[in-house]
Amino acid sequence: MVEETDPRKDGEAPDDVTLAAELVLGLLDGEEKAVALRKQLSDPEFARIVDDWNQRVDPMFQEFQEVEPASSVWAGIESRLDGGSSDGAVVQMKRWRTGAIVSGALAACLALALIVGPGTFAPTSEPQSVAVAQLTGDIEGLVLAVSYNPETAEMRVDVNGMPETETAPELWIVGSDGIPRSLGQIGRDGISQMTVPSDHRELINSTATLQLSMEPPSETPHAKQTGEPVASGKITII
Amino acid sequence: MPQTNETDRARAQLSDLIGQAAGGDRLAFQDIYNLTSAKLFGVCLRILNDRQASEDALQDAYVKIWRNARRFDARRASPITWLATIARNTAIDRKRSGGNRVMVSDDAIKHMAADEQSALERLEKQEGADILNKCLDSLEARQRNVIRTAFFEGHSYNELAQKLGTPLGTVKSWVRRGLKRLKDCMDDG
């Protein structure tokens with residue numbers, strides 16, 4: 001049998017239609033999967049291509065046989081439905097990175113894409129679960145992609161398109177009690193990386209909201225926001 | 001694609017239940033579970049091949065469904081596909097985080113062959129599947145096999161390459177060529 005390898009294409013990034021299909025089929029893992037999920041959030045055209053592939057493969061789901069699970073499974077699910085507990089104290093946290101502070105202006109529309117998942121940090125190990133959220137607000141062209149690895153508590157924020165301002169972007173996590181807790185100020189451009197302190201880790205789940213506010217530059221996280229957040233959105237575990 | 005009235009009704013009912021669950025209605029959520037858990041468990045079991053791991057994955061999947069119910073969009077996906085996709089992705093994540101590497105398995109390859117033989121039956125039985133199956137059947141056998149195996153067993157490229165004992169680049173090439181032909185064929189209707 002003739003091998004059908006095409007060495008020119010093996011290492012190449014696939015086109016969007018192929019990448020979308022690979023995401024849908026589950027062929028990707030680690031960083032490749034995180035990148036594709038991020039693209040699904042930030043690129044509506046790519047998201048539409050992903051939807052198209054989901055529809056194409058949809059009939060294959062009919063082939064899975066039905067099997068009754070044990071009756072104990074429902075009880076286990078039900079006990080987890082009110083999970084999102086969170087305790088209160090705002091904990092001091094090291095500031096992980098601040099970009100250059102320069103003057104400028106806020107504009108009209110902000111989209112913040114969030115990905116929480118271990119794959120981004122450990123491409124060699126497989127992701128356990130991935131969460132995504134899309135935040136919108138008032139700064140045009142800004143895209144933030146946040147990754148979180150629950151195993152190592154590493155958080156990474158990738159910032160693109162932040163306008164120049166005298167204030168600094170500060171990230172907040174809002175749990176079910178509605179109180180924003182600062183995760184610290186982030187870099188204005190490029191990647192910021194940090195370890196989330198243990199007190200804040202349990203807040204990072206699908207009941208939480210992430211907010212971005214513009215604050216006076218500070219080496220330590222603020223206890224309260226000084227103004228309205230410029231962007232917010234829910235975290236989703238997928 | 002034509003749907004029977006019964007299918008339409010079932011779909012609308014399930015969509016409504018997901019909408020109610022999104023609003024915090026636990027009874028609606030329990031109805032969703034009762035209607036769909038056997039299907040979703042079948043999905044988990046096929047991918048994980050282990051009853052306990054599949055029940056754990058099923059629990060995780062329904063907790064995700066509860067938390068994300070408001071994100072369901074009936075215009076973008078059928079409700080059962082949306083639910084089954086969450087179960088499939090949850091099972092795949094659990095499989096890959098478990099560290100159980102996939103070994104080359106003759107059984108699995110026989111299983112693929114058995115699937116191939118039932119292609120005609122599938123065509124007759126399954127509503128809405130005719131175009132997909134016609135187009136899958138038009139692919140080269142190895143292209144069809146890697147795509148179907150990836151879907152039903154939830155394998156990554158690396159796992160497929162290990163399982164088939166075939167170089168990664170070759171597997172990628174089969175999948176990508178197969179996907180391109182599949183899309184061209186389905187777009188032609």
# chains A, B, ... in the order shown; residues from 1 in each chain; ligands from 1
>>> interface_residues(of="chain B", to="chain A", cutoff="7 Å", atoms="only C-alpha atoms", output="PyMOL selection string")
chain B and resi 38-39+41-43+55+59+62-64+67-68+76+81+93-94+96-97+128-129+132+150-151+154-157+169-170+172-173+176
>>> residues_around(residues="B:Arg144", least_positions_apart="5", cutoff="7 Å", atoms="only C-alpha atoms", output="list in words")
Leu136, Leu139 and Gly178 of chain B
>>> residues_around(residues="A:Pro216", least_positions_apart="5", cutoff="8 Å", atoms="only C-alpha atoms", output="list in words")
Glu166, Thr167 and Ala168 of chain A
>>> write_last_selection(atoms="C-alpha atoms", output="CSV table (one decimal), in the first residue's frame")
chain,number,residue,atom,x,y,z
A,166,GLU,CA,-2.9,56.9,32.3
A,167,THR,CA,-4.6,54.2,34.2
A,168,ALA,CA,-3.6,50.6,34.3
>>> atom_distance(atom1="atom CA of A:Asn160", atom2="atom CA of A:Leu144")
6.3 Å
>>> select_by_dssp(residues="stretch 176-205 of chain A", states="alpha helix (DSSP H)", output="PyMOL selection string")
chain A and resi 198-201
>>> closest_residue(among="B:Leu14, B:Ala57, B:Cys185, B:Leu83", to="B:Asp137", atoms="only C-alpha atoms")
B:Cys185
>>> atom_distance(atom1="atom CA of B:Pro79", atom2="atom CA of B:Lys180")
27.0 Å
